[in-house]
>>> print(open('structure.cif').read())   # mmCIF, N, CA and C atoms
data_coords
loop_
_atom_site.label_atom_id
_atom_site.label_comp_id
_atom_site.auth_asym_id
_atom_site.auth_seq_id
_atom_site.Cartn_x
_atom_site.Cartn_y
_atom_site.Cartn_z
N MET S 1 7.59 14.91 5.82
CA MET S 1 7.34 13.49 5.63
C MET S 1 8.41 12.70 6.37
N GLY S 2 8.00 11.61 6.93
CA GLY S 2 8.93 10.79 7.67
C GLY S 2 8.61 9.32 7.48
N SER S 3 9.12 8.53 8.39
CA SER S 3 8.84 7.10 8.40
C SER S 3 7.91 6.80 9.56
N ILE S 4 6.95 5.94 9.32
CA ILE S 4 5.98 5.57 10.34
C ILE S 4 6.40 4.26 10.98
N GLU S 5 6.32 4.23 12.31
CA GLU S 5 6.71 3.03 13.04
C GLU S 5 5.88 1.83 12.59
N GLY S 6 6.57 0.72 12.30
CA GLY S 6 5.92 -0.52 11.90
C GLY S 6 5.75 -0.68 10.41
N VAL S 7 5.96 0.40 9.65
CA VAL S 7 5.87 0.32 8.19
C VAL S 7 7.19 -0.18 7.64
N LEU S 8 7.14 -1.15 6.75
CA LEU S 8 8.35 -1.71 6.14
C LEU S 8 8.31 -1.50 4.63
N VAL S 9 9.44 -1.19 4.07
CA VAL S 9 9.60 -1.16 2.61
C VAL S 9 10.70 -2.16 2.29
N THR S 10 10.33 -3.22 1.61
CA THR S 10 11.25 -4.32 1.33
C THR S 10 11.51 -4.40 -0.17
N PRO S 11 12.74 -4.11 -0.61
CA PRO S 11 13.06 -4.26 -2.04
C PRO S 11 12.86 -5.71 -2.48
N LEU S 12 12.32 -5.88 -3.67
CA LEU S 12 12.03 -7.22 -4.19
C LEU S 12 12.86 -7.50 -5.43
N LYS S 13 13.08 -8.78 -5.69
CA LYS S 13 13.87 -9.19 -6.84
C LYS S 13 13.04 -9.17 -8.11
N GLN S 14 13.66 -8.71 -9.16
CA GLN S 14 13.15 -8.84 -10.52
C GLN S 14 14.22 -9.63 -11.28
N ILE S 15 13.81 -10.70 -11.90
CA ILE S 15 14.75 -11.54 -12.62
C ILE S 15 14.41 -11.47 -14.11
N TYR S 16 15.36 -10.98 -14.87
CA TYR S 16 15.16 -10.85 -16.31
C TYR S 16 15.21 -12.22 -16.97
N HIS S 17 14.30 -12.44 -17.88
CA HIS S 17 14.30 -13.62 -18.71
C HIS S 17 13.86 -13.19 -20.10
N PRO S 18 14.56 -13.64 -21.15
CA PRO S 18 14.24 -13.17 -22.51
C PRO S 18 12.80 -13.48 -22.96
N LYS S 19 12.16 -14.46 -22.35
CA LYS S 19 10.78 -14.81 -22.73
C LYS S 19 9.74 -14.21 -21.79
N GLY S 20 10.18 -13.53 -20.76
CA GLY S 20 9.26 -12.93 -19.77
C GLY S 20 9.91 -12.91 -18.41
N ASP S 21 9.83 -11.79 -17.74
CA ASP S 21 10.53 -11.61 -16.47
C ASP S 21 9.78 -12.22 -15.29
N ILE S 22 10.51 -12.39 -14.18
CA ILE S 22 9.97 -12.93 -12.93
C ILE S 22 10.01 -11.80 -11.90
N TYR S 23 8.90 -11.61 -11.20
CA TYR S 23 8.80 -10.58 -10.16
C TYR S 23 8.44 -11.26 -8.84
N HIS S 24 9.35 -11.21 -7.90
CA HIS S 24 9.07 -11.80 -6.59
C HIS S 24 8.04 -10.95 -5.85
N ALA S 25 7.30 -11.58 -4.93
CA ALA S 25 6.29 -10.86 -4.15
C ALA S 25 6.50 -11.10 -2.65
N MET S 26 6.38 -12.35 -2.20
CA MET S 26 6.52 -12.62 -0.77
C MET S 26 6.77 -14.10 -0.53
N LYS S 27 7.63 -14.35 0.48
CA LYS S 27 7.90 -15.70 0.94
C LYS S 27 7.56 -15.78 2.42
N VAL S 28 7.28 -16.96 2.91
CA VAL S 28 6.99 -17.18 4.33
C VAL S 28 8.15 -16.69 5.20
N SER S 29 9.36 -16.74 4.69
CA SER S 29 10.53 -16.35 5.48
C SER S 29 10.80 -14.84 5.46
N ASP S 30 10.02 -14.06 4.71
CA ASP S 30 10.26 -12.62 4.59
C ASP S 30 9.84 -11.85 5.84
N GLN S 31 10.59 -10.79 6.14
CA GLN S 31 10.19 -9.86 7.18
C GLN S 31 8.87 -9.24 6.74
N GLY S 32 7.93 -9.12 7.64
CA GLY S 32 6.62 -8.58 7.31
C GLY S 32 5.57 -9.66 7.12
N TYR S 33 6.01 -10.91 6.83
CA TYR S 33 5.05 -12.00 6.69
C TYR S 33 4.57 -12.40 8.08
N ILE S 34 3.26 -12.45 8.25
CA ILE S 34 2.68 -12.86 9.53
C ILE S 34 1.88 -14.15 9.33
N ASN S 35 1.02 -14.12 8.33
CA ASN S 35 0.12 -15.23 8.05
C ASN S 35 -0.45 -14.99 6.66
N PHE S 36 -1.09 -16.00 6.11
CA PHE S 36 -1.77 -15.79 4.84
C PHE S 36 -3.27 -15.84 5.06
N GLY S 37 -3.95 -14.76 4.66
CA GLY S 37 -5.40 -14.72 4.74
C GLY S 37 -6.02 -14.70 3.36
N GLU S 38 -5.52 -13.81 2.50
CA GLU S 38 -5.99 -13.73 1.12
C GLU S 38 -5.06 -12.84 0.31
N ALA S 39 -5.16 -12.96 -1.00
CA ALA S 39 -4.42 -12.09 -1.91
C ALA S 39 -5.41 -11.58 -2.94
N TYR S 40 -5.27 -10.31 -3.30
CA TYR S 40 -6.13 -9.76 -4.33
C TYR S 40 -5.41 -8.66 -5.09
N PHE S 41 -5.88 -8.42 -6.31
CA PHE S 41 -5.38 -7.34 -7.15
C PHE S 41 -6.41 -6.22 -7.17
N SER S 42 -5.94 -4.99 -7.30
CA SER S 42 -6.80 -3.84 -7.44
C SER S 42 -6.15 -2.90 -8.44
N THR S 43 -6.96 -2.25 -9.28
CA THR S 43 -6.41 -1.30 -10.24
C THR S 43 -6.87 0.10 -9.88
N ILE S 44 -6.11 1.07 -10.36
CA ILE S 44 -6.49 2.48 -10.20
C ILE S 44 -6.06 3.22 -11.46
N ARG S 45 -6.97 4.03 -11.96
CA ARG S 45 -6.69 4.79 -13.18
C ARG S 45 -5.74 5.94 -12.88
N THR S 46 -5.01 6.35 -13.89
CA THR S 46 -4.07 7.46 -13.76
C THR S 46 -4.80 8.72 -13.29
N GLY S 47 -4.25 9.33 -12.24
CA GLY S 47 -4.82 10.55 -11.69
C GLY S 47 -5.92 10.34 -10.67
N GLU S 48 -6.43 9.13 -10.55
CA GLU S 48 -7.50 8.84 -9.58
C GLU S 48 -6.90 8.57 -8.20
N ILE S 49 -7.71 8.80 -7.17
CA ILE S 49 -7.29 8.63 -5.79
C ILE S 49 -8.26 7.71 -5.08
N LYS S 50 -7.73 6.74 -4.34
CA LYS S 50 -8.53 5.91 -3.45
C LYS S 50 -8.00 6.17 -2.04
N ALA S 51 -8.77 6.90 -1.24
CA ALA S 51 -8.34 7.23 0.12
C ALA S 51 -9.59 7.62 0.92
N TRP S 52 -9.58 7.45 2.14
CA TRP S 52 -8.66 6.90 3.10
C TRP S 52 -9.23 5.60 3.65
N LYS S 53 -8.35 4.67 4.02
CA LYS S 53 -8.75 3.39 4.58
C LYS S 53 -7.75 3.00 5.66
N ARG S 54 -8.29 2.38 6.72
CA ARG S 54 -7.41 1.75 7.70
C ARG S 54 -8.05 0.47 8.19
N HIS S 55 -7.19 -0.47 8.49
CA HIS S 55 -7.63 -1.75 9.04
C HIS S 55 -7.27 -1.80 10.51
N HIS S 56 -8.15 -2.44 11.29
CA HIS S 56 -7.91 -2.55 12.73
C HIS S 56 -7.16 -3.83 13.08
N LYS S 57 -7.23 -4.85 12.20
CA LYS S 57 -6.56 -6.13 12.45
C LYS S 57 -5.63 -6.54 11.31
N MET S 58 -5.97 -6.18 10.09
CA MET S 58 -5.24 -6.68 8.91
C MET S 58 -3.91 -5.96 8.70
N THR S 59 -2.89 -6.73 8.39
CA THR S 59 -1.61 -6.19 7.91
C THR S 59 -1.63 -6.30 6.39
N LEU S 60 -1.33 -5.19 5.73
CA LEU S 60 -1.28 -5.15 4.27
C LEU S 60 0.14 -5.36 3.79
N ASN S 61 0.30 -6.08 2.72
CA ASN S 61 1.59 -6.25 2.04
C ASN S 61 1.34 -5.90 0.58
N LEU S 62 1.68 -4.67 0.20
CA LEU S 62 1.32 -4.12 -1.11
C LEU S 62 2.50 -4.13 -2.06
N ILE S 63 2.23 -4.57 -3.29
CA ILE S 63 3.22 -4.63 -4.35
C ILE S 63 2.56 -4.04 -5.59
N CYS S 64 3.32 -3.32 -6.39
CA CYS S 64 2.81 -2.75 -7.64
C CYS S 64 3.46 -3.51 -8.80
N PRO S 65 2.77 -4.54 -9.34
CA PRO S 65 3.35 -5.32 -10.43
C PRO S 65 3.15 -4.70 -11.81
N LEU S 66 2.37 -3.61 -11.87
CA LEU S 66 2.07 -3.01 -13.17
C LEU S 66 1.76 -1.52 -12.97
N GLY S 67 2.45 -0.67 -13.70
CA GLY S 67 2.21 0.77 -13.59
C GLY S 67 3.04 1.40 -12.48
N GLU S 68 2.48 2.48 -11.91
CA GLU S 68 3.17 3.22 -10.86
C GLU S 68 2.12 3.82 -9.93
N ILE S 69 2.30 3.63 -8.63
CA ILE S 69 1.32 4.08 -7.65
C ILE S 69 2.01 4.83 -6.52
N LEU S 70 1.43 5.99 -6.18
CA LEU S 70 1.86 6.75 -5.01
C LEU S 70 1.01 6.30 -3.83
N PHE S 71 1.66 5.81 -2.78
CA PHE S 71 0.97 5.45 -1.54
C PHE S 71 1.26 6.53 -0.51
N VAL S 72 0.23 6.95 0.20
CA VAL S 72 0.38 7.92 1.27
C VAL S 72 -0.19 7.29 2.53
N LEU S 73 0.61 7.30 3.58
CA LEU S 73 0.22 6.72 4.86
C LEU S 73 0.15 7.83 5.90
N TYR S 74 -0.76 7.67 6.84
CA TYR S 74 -0.89 8.64 7.93
C TYR S 74 -1.11 7.88 9.23
N ASP S 75 -0.32 8.22 10.23
CA ASP S 75 -0.37 7.55 11.53
C ASP S 75 -1.11 8.43 12.53
N ASP S 76 -2.28 7.99 12.96
CA ASP S 76 -2.94 8.69 14.07
C ASP S 76 -3.25 7.71 15.20
N ARG S 77 -2.41 6.65 15.31
CA ARG S 77 -2.57 5.66 16.37
C ARG S 77 -2.23 6.29 17.72
N VAL S 78 -3.13 6.15 18.67
CA VAL S 78 -2.90 6.66 20.01
C VAL S 78 -1.69 5.94 20.61
N GLY S 79 -0.75 6.69 21.15
CA GLY S 79 0.44 6.11 21.78
C GLY S 79 1.58 5.82 20.82
N SER S 80 1.38 6.00 19.52
CA SER S 80 2.44 5.75 18.56
C SER S 80 3.47 6.87 18.60
N PRO S 81 4.76 6.54 18.59
CA PRO S 81 5.78 7.59 18.58
C PRO S 81 5.81 8.39 17.27
N THR S 82 5.14 7.86 16.24
CA THR S 82 5.09 8.58 14.96
C THR S 82 3.69 9.13 14.69
N ARG S 83 2.90 9.31 15.74
CA ARG S 83 1.55 9.87 15.56
C ARG S 83 1.64 11.25 14.91
N GLY S 84 0.80 11.46 13.88
CA GLY S 84 0.78 12.72 13.16
C GLY S 84 1.71 12.76 11.96
N VAL S 85 2.45 11.68 11.72
CA VAL S 85 3.43 11.62 10.63
C VAL S 85 2.78 11.07 9.36
N PHE S 86 3.11 11.69 8.23
CA PHE S 86 2.77 11.17 6.90
C PHE S 86 4.00 10.47 6.34
N GLN S 87 3.76 9.45 5.54
CA GLN S 87 4.83 8.78 4.80
C GLN S 87 4.35 8.56 3.38
N GLU S 88 5.18 8.93 2.42
CA GLU S 88 4.88 8.73 1.00
C GLU S 88 5.85 7.72 0.43
N ILE S 89 5.35 6.90 -0.47
CA ILE S 89 6.24 5.99 -1.19
C ILE S 89 5.61 5.69 -2.55
N VAL S 90 6.44 5.72 -3.57
CA VAL S 90 6.02 5.35 -4.92
C VAL S 90 6.54 3.95 -5.19
N LEU S 91 5.64 3.07 -5.62
CA LEU S 91 6.02 1.72 -6.02
C LEU S 91 5.73 1.53 -7.50
N SER S 92 6.63 0.84 -8.16
CA SER S 92 6.44 0.48 -9.57
C SER S 92 7.43 -0.62 -9.92
N THR S 93 7.28 -1.17 -11.10
CA THR S 93 8.22 -2.21 -11.53
C THR S 93 9.50 -1.60 -12.08
N PHE S 94 9.48 -0.32 -12.44
CA PHE S 94 10.66 0.25 -13.08
C PHE S 94 11.45 1.23 -12.23
N CYS S 95 10.91 1.74 -11.12
CA CYS S 95 11.73 2.66 -10.32
C CYS S 95 11.88 2.23 -8.88
N ASN S 96 10.95 1.48 -8.33
CA ASN S 96 11.06 1.05 -6.94
C ASN S 96 10.21 -0.20 -6.76
N TYR S 97 10.71 -1.32 -7.25
CA TYR S 97 9.96 -2.56 -7.10
C TYR S 97 10.20 -3.09 -5.70
N SER S 98 9.24 -2.84 -4.83
CA SER S 98 9.34 -3.19 -3.41
C SER S 98 7.98 -3.61 -2.90
N ARG S 99 8.00 -4.17 -1.70
CA ARG S 99 6.76 -4.51 -0.99
C ARG S 99 6.60 -3.53 0.16
N LEU S 100 5.41 -2.95 0.28
CA LEU S 100 5.09 -2.01 1.33
C LEU S 100 4.23 -2.73 2.35
N THR S 101 4.73 -2.89 3.58
CA THR S 101 3.99 -3.55 4.65
C THR S 101 3.43 -2.48 5.57
N ILE S 102 2.11 -2.50 5.73
CA ILE S 102 1.42 -1.50 6.56
C ILE S 102 0.74 -2.21 7.72
N PRO S 103 1.11 -1.87 8.95
CA PRO S 103 0.49 -2.52 10.11
C PRO S 103 -0.93 -2.01 10.35
N PRO S 104 -1.70 -2.74 11.13
CA PRO S 104 -3.04 -2.28 11.48
C PRO S 104 -3.01 -0.91 12.15
N GLY S 105 -4.05 -0.12 11.90
CA GLY S 105 -4.20 1.18 12.55
C GLY S 105 -3.66 2.36 11.77
N VAL S 106 -2.92 2.12 10.70
CA VAL S 106 -2.34 3.20 9.91
C VAL S 106 -3.27 3.48 8.72
N TRP S 107 -3.61 4.76 8.53
CA TRP S 107 -4.44 5.16 7.40
C TRP S 107 -3.63 5.06 6.11
N MET S 108 -4.31 4.66 5.01
CA MET S 108 -3.64 4.47 3.74
C MET S 108 -4.52 5.00 2.62
N GLY S 109 -3.86 5.65 1.65
CA GLY S 109 -4.53 6.07 0.43
C GLY S 109 -3.54 5.92 -0.70
N PHE S 110 -4.05 5.90 -1.94
CA PHE S 110 -3.12 5.78 -3.06
C PHE S 110 -3.68 6.46 -4.29
N LYS S 111 -2.75 6.80 -5.19
CA LYS S 111 -3.07 7.51 -6.42
C LYS S 111 -2.34 6.84 -7.57
N GLY S 112 -3.06 6.63 -8.67
CA GLY S 112 -2.44 6.09 -9.88
C GLY S 112 -1.63 7.17 -10.57
N ILE S 113 -0.34 6.94 -10.76
CA ILE S 113 0.51 7.95 -11.39
C ILE S 113 1.23 7.41 -12.62
N GLY S 114 1.05 6.14 -12.94
CA GLY S 114 1.64 5.59 -14.15
C GLY S 114 0.83 6.01 -15.37
N PRO S 115 1.42 5.90 -16.55
CA PRO S 115 0.76 6.39 -17.76
C PRO S 115 -0.41 5.54 -18.25
N GLU S 116 -0.50 4.30 -17.81
CA GLU S 116 -1.57 3.43 -18.31
C GLU S 116 -2.25 2.73 -17.13
N ILE S 117 -2.27 1.41 -17.12
CA ILE S 117 -2.89 0.65 -16.04
C ILE S 117 -1.97 0.64 -14.83
N ASN S 118 -2.52 0.89 -13.66
CA ASN S 118 -1.79 0.83 -12.41
C ASN S 118 -2.46 -0.23 -11.54
N MET S 119 -1.68 -1.22 -11.15
CA MET S 119 -2.25 -2.35 -10.42
C MET S 119 -1.46 -2.62 -9.14
N LEU S 120 -2.18 -2.95 -8.09
CA LEU S 120 -1.50 -3.39 -6.87
C LEU S 120 -1.95 -4.79 -6.52
N LEU S 121 -1.07 -5.47 -5.82
CA LEU S 121 -1.36 -6.78 -5.24
C LEU S 121 -1.27 -6.61 -3.74
N ASN S 122 -2.29 -7.06 -3.02
CA ASN S 122 -2.24 -7.08 -1.56
C ASN S 122 -2.21 -8.53 -1.11
N ILE S 123 -1.19 -8.86 -0.33
CA ILE S 123 -1.10 -10.17 0.31
C ILE S 123 -1.40 -9.90 1.79
N ALA S 124 -2.63 -10.17 2.18
CA ALA S 124 -3.10 -9.84 3.52
C ALA S 124 -2.94 -11.03 4.47
N ASP S 125 -2.78 -10.71 5.75
CA ASP S 125 -2.58 -11.77 6.74
C ASP S 125 -3.89 -12.37 7.24
N ILE S 126 -5.02 -11.71 6.98
CA ILE S 126 -6.33 -12.26 7.34
C ILE S 126 -7.27 -12.07 6.15
N MET S 127 -8.38 -12.79 6.16
CA MET S 127 -9.37 -12.62 5.09
C MET S 127 -10.12 -11.32 5.30
N HIS S 128 -10.63 -10.78 4.21
CA HIS S 128 -11.39 -9.53 4.24
C HIS S 128 -12.57 -9.64 5.20
N ASP S 129 -12.73 -8.62 6.03
CA ASP S 129 -13.85 -8.52 6.95
C ASP S 129 -14.24 -7.05 6.99
N PRO S 130 -15.39 -6.68 6.42
CA PRO S 130 -15.76 -5.27 6.36
C PRO S 130 -15.92 -4.63 7.74
N LEU S 131 -16.08 -5.42 8.78
CA LEU S 131 -16.25 -4.88 10.13
C LEU S 131 -14.93 -4.48 10.78
N GLU S 132 -13.79 -4.91 10.21
CA GLU S 132 -12.50 -4.57 10.83
C GLU S 132 -11.80 -3.43 10.11
N GLN S 133 -12.49 -2.77 9.21
CA GLN S 133 -11.87 -1.67 8.46
C GLN S 133 -12.72 -0.42 8.57
N GLU S 134 -12.09 0.70 8.27
CA GLU S 134 -12.75 2.00 8.25
C GLU S 134 -12.41 2.67 6.93
N ASN S 135 -13.39 3.31 6.32
CA ASN S 135 -13.18 4.07 5.08
C ASN S 135 -13.73 5.48 5.27
N ILE S 136 -12.96 6.47 4.83
CA ILE S 136 -13.41 7.86 4.84
C ILE S 136 -13.04 8.44 3.48
N SER S 137 -13.99 9.09 2.83
CA SER S 137 -13.68 9.69 1.53
C SER S 137 -12.73 10.87 1.72
N VAL S 138 -11.97 11.17 0.69
CA VAL S 138 -11.02 12.28 0.73
C VAL S 138 -11.74 13.58 1.10
N GLU S 139 -12.93 13.76 0.55
CA GLU S 139 -13.68 15.00 0.77
C GLU S 139 -14.16 15.16 2.21
N LYS S 140 -14.41 14.07 2.91
CA LYS S 140 -14.97 14.14 4.27
C LYS S 140 -13.94 13.80 5.35
N SER S 141 -12.71 13.62 4.97
CA SER S 141 -11.68 13.15 5.89
C SER S 141 -11.12 14.26 6.78
N HIS S 142 -10.73 13.86 7.97
CA HIS S 142 -9.99 14.74 8.88
C HIS S 142 -8.49 14.76 8.53
N ILE S 143 -8.09 13.90 7.60
CA ILE S 143 -6.69 13.82 7.18
C ILE S 143 -6.49 14.81 6.04
N ILE S 144 -5.63 15.79 6.26
CA ILE S 144 -5.40 16.83 5.26
C ILE S 144 -4.09 16.53 4.52
N TYR S 145 -4.23 16.22 3.24
CA TYR S 145 -3.07 15.91 2.41
C TYR S 145 -3.31 16.49 1.03
N ASN S 146 -2.29 17.08 0.44
CA ASN S 146 -2.42 17.72 -0.88
C ASN S 146 -2.11 16.71 -1.98
N TRP S 147 -3.15 16.00 -2.45
CA TRP S 147 -2.99 15.02 -3.51
C TRP S 147 -2.69 15.67 -4.85
N ILE S 148 -3.09 16.89 -5.05
CA ILE S 148 -2.94 17.56 -6.35
C ILE S 148 -1.49 17.80 -6.71
N ARG S 149 -0.64 18.04 -5.73
CA ARG S 149 0.76 18.34 -6.02
C ARG S 149 1.54 17.15 -6.54
N LYS S 150 1.00 15.97 -6.46
CA LYS S 150 1.72 14.76 -6.89
C LYS S 150 1.20 14.28 -8.21
#
>>> encode(input="structure.cif", output="structure tokens")
Amino acid sequence: MGSIEGVLVTPLKQIYHPKGDIYHAMKVSDQGYINFGEAYFSTIRTGEIKAWKRHHKMTLNLICPLGEILFVLYDDRVGSPTRGVFQEIVLSTFCNYSRLTIPPGVWMGFKGIGPEINMLLNIADIMHDPLEQENISVEKSHIIYNWIRK
């Protein structure tokens, strides 16, 4: 496992407050911010896998505000110096509260590993367009990754 060119992991602030905590997500001045297209939440059940997806234009900015999620990235971009490299990162509010920025062209999958609800927030630089993305099921994918070991 290594680091994929263009992928950023940005630690985020958590501010304790006795009546409820504050979790930062993204500011216009942050590294990785390109533009605002849309923001959405997605959940994944513990032990379930959503893979594989890649966007041709969209930059993803993923945050896990609830639970714990394993993200697995795979670079098969032609001409990339990290072509063939996998990168794993676990995001959660209690062990690694960070933002994961994934550039266009990088394959992404994720698995719910927290004990209850696992939720991600994506702050995307463009609006959703089904024509600019590709999806391949784990069973039919050319990407070989051992999800069971995690």
>>> closest_residue(input="structure.cif", among="S:Ile113, S:Leu131, S:Ile148, S:Met119", to="Gly47 (chain S)", atoms="all atoms listed in the file")
S:Ile113
>>> atom_distance(input="structure.cif", atom1="atom N of His56 (chain S)", atom2="atom N of Phe94 (chain S)")
29.6 Å
>>> resolve_selection(input="structure.cif", expression="the PyMOL selection byres (((chain S and resi 70 and name CA) around 6) and name CA)", output="JSON, numbers by chain")
{"S": [69, 71, 89, 90, 110, 111]}
>>> resolve_selection(input="structure.cif", expression="the PyMOL selection byres (((chain S and resi 105 and name CA) around 8) and name CA)", output="PyMOL selection string")
chain S and resi 54-57+75-77+103-104+106-107
>>> write_last_selection(input="structure.cif", atoms="N, CA and C atoms", output="PDB file, keeping the file's coordinate frame")
ATOM      1  N   ARG S  54      -8.290   2.380   6.720  1.00  0.00           N
ATOM      2  CA  ARG S  54      -7.410   1.750   7.700  1.00  0.00           C
ATOM      3  C   ARG S  54      -8.050   0.470   8.190  1.00  0.00           C
ATOM      4  N   HIS S  55      -7.190  -0.470   8.490  1.00  0.00           N
ATOM      5  CA  HIS S  55      -7.630  -1.750   9.040  1.00  0.00           C
ATOM      6  C   HIS S  55      -7.270  -1.800  10.510  1.00  0.00           C
ATOM      7  N   HIS S  56      -8.150  -2.440  11.290  1.00  0.00           N
ATOM      8  CA  HIS S  56      -7.910  -2.550  12.730  1.00  0.00           C
ATOM      9  C   HIS S  56      -7.160  -3.830  13.080  1.00  0.00           C
ATOM     10  N   LYS S  57      -7.230  -4.850  12.200  1.00  0.00           N
ATOM     11  CA  LYS S  57      -6.560  -6.130  12.450  1.00  0.00           C
ATOM     12  C   LYS S  57      -5.630  -6.540  11.310  1.00  0.00           C
ATOM     13  N   ASP S  75      -0.320   8.220  10.230  1.00  0.00           N
ATOM     14  CA  ASP S  75      -0.370   7.550  11.530  1.00  0.00           C
ATOM     15  C   ASP S  75      -1.110   8.430  12.530  1.00  0.00           C
ATOM     16  N   ASP S  76      -2.280   7.990  12.960  1.00  0.00           N
ATOM     17  CA  ASP S  76      -2.940   8.690  14.070  1.00  0.00           C
ATOM     18  C   ASP S  76      -3.250   7.710  15.200  1.00  0.00           C
ATOM     19  N   ARG S  77      -2.410   6.650  15.310  1.00  0.00           N
ATOM     20  CA  ARG S  77      -2.570   5.660  16.370  1.00  0.00           C
ATOM     21  C   ARG S  77      -2.230   6.290  17.720  1.00  0.00           C
ATOM     22  N   PRO S 103       1.110  -1.870   8.950  1.00  0.00           N
ATOM     23  CA  PRO S 103       0.490  -2.520  10.110  1.00  0.00           C
ATOM     24  C   PRO S 103      -0.930  -2.010  10.350  1.00  0.00           C
ATOM     25  N   PRO S 104      -1.700  -2.740  11.130  1.00  0.00           N
ATOM     26  CA  PRO S 104      -3.040  -2.280  11.480  1.00  0.00           C
ATOM     27  C   PRO S 104      -3.010  -0.910  12.150  1.00  0.00           C
ATOM     28  N   VAL S 106      -2.920   2.120  10.700  1.00  0.00           N
ATOM     29  CA  VAL S 106      -2.340   3.200   9.910  1.00  0.00           C
ATOM     30  C   VAL S 106      -3.270   3.480   8.720  1.00  0.00           C
ATOM     31  N   TRP S 107      -3.610   4.760   8.530  1.00  0.00           N
ATOM     32  CA  TRP S 107      -4.440   5.160   7.400  1.00  0.00           C
ATOM     33  C   TRP S 107      -3.630   5.060   6.110  1.00  0.00           C
TER      34      TRP S 107
END
>>> resolve_selection(input="structure.cif", expression="the PyMOL selection byres ((chain S and resi 124) around 5)", output="PDB file with N, CA and C atoms, in the coordinates of the input")
ATOM      1  N   PHE S  36      -1.090 -16.000   6.110  1.00  0.00           N
ATOM      2  CA  PHE S  36      -1.770 -15.790   4.840  1.00  0.00           C
ATOM      3  C   PHE S  36      -3.270 -15.840   5.060  1.00  0.00           C
ATOM      4  N   GLY S  37      -3.950 -14.760   4.660  1.00  0.00           N
ATOM      5  CA  GLY S  37      -5.400 -14.720   4.740  1.00  0.00           C
ATOM      6  C   GLY S  37      -6.020 -14.700   3.360  1.00  0.00           C
ATOM      7  N   GLU S  38      -5.520 -13.810   2.500  1.00  0.00           N
ATOM      8  CA  GLU S  38      -5.990 -13.730   1.120  1.00  0.00           C
ATOM      9  C   GLU S  38      -5.060 -12.840   0.310  1.00  0.00           C
ATOM     10  N   ALA S  39      -5.160 -12.960  -1.000  1.00  0.00           N
ATOM     11  CA  ALA S  39      -4.420 -12.090  -1.910  1.00  0.00           C
ATOM     12  C   ALA S  39      -5.410 -11.580  -2.940  1.00  0.00           C
ATOM     13  N   THR S  59      -2.890  -6.730   8.390  1.00  0.00           N
ATOM     14  CA  THR S  59      -1.610  -6.190   7.910  1.00  0.00           C
ATOM     15  C   THR S  59      -1.630  -6.300   6.390  1.00  0.00           C
ATOM     16  N   ASN S 122      -2.290  -7.060  -3.020  1.00  0.00           N
ATOM     17  CA  ASN S 122      -2.240  -7.080  -1.560  1.00  0.00           C
ATOM     18  C   ASN S 122      -2.210  -8.530  -1.110  1.00  0.00           C
ATOM     19  N   ILE S 123      -1.190  -8.860  -0.330  1.00  0.00           N
ATOM     20  CA  ILE S 123      -1.100 -10.170   0.310  1.00  0.00           C
ATOM     21  C   ILE S 123      -1.400  -9.900   1.790  1.00  0.00           C
ATOM     22  N   ASP S 125      -2.780 -10.710   5.750  1.00  0.00           N
ATOM     23  CA  ASP S 125      -2.580 -11.770   6.740  1.00  0.00           C
ATOM     24  C   ASP S 125      -3.890 -12.370   7.240  1.00  0.00           C
ATOM     25  N   ILE S 126      -5.020 -11.710   6.980  1.00  0.00           N
ATOM     26  CA  ILE S 126      -6.330 -12.260   7.340  1.00  0.00           C
ATOM     27  C   ILE S 126      -7.270 -12.070   6.150  1.00  0.00           C
TER      28      ILE S 126
END
>>> select_by_dssp(input="structure.cif", residues="chain S", states="strand (DSSP E or B)", output="ChimeraX atom specification")
/S:8-11,14-15,22-23,38-44,46,49-55,60-66,68-75,86-92,98-102,106-112,118-124,133-135
>>> closest_residue(input="structure.cif", among="S:Ile15, S:Ser42, S:Tyr74, S:Asp21", to="Ile143 (chain S)", atoms="all atoms listed in the file")
S:Tyr74
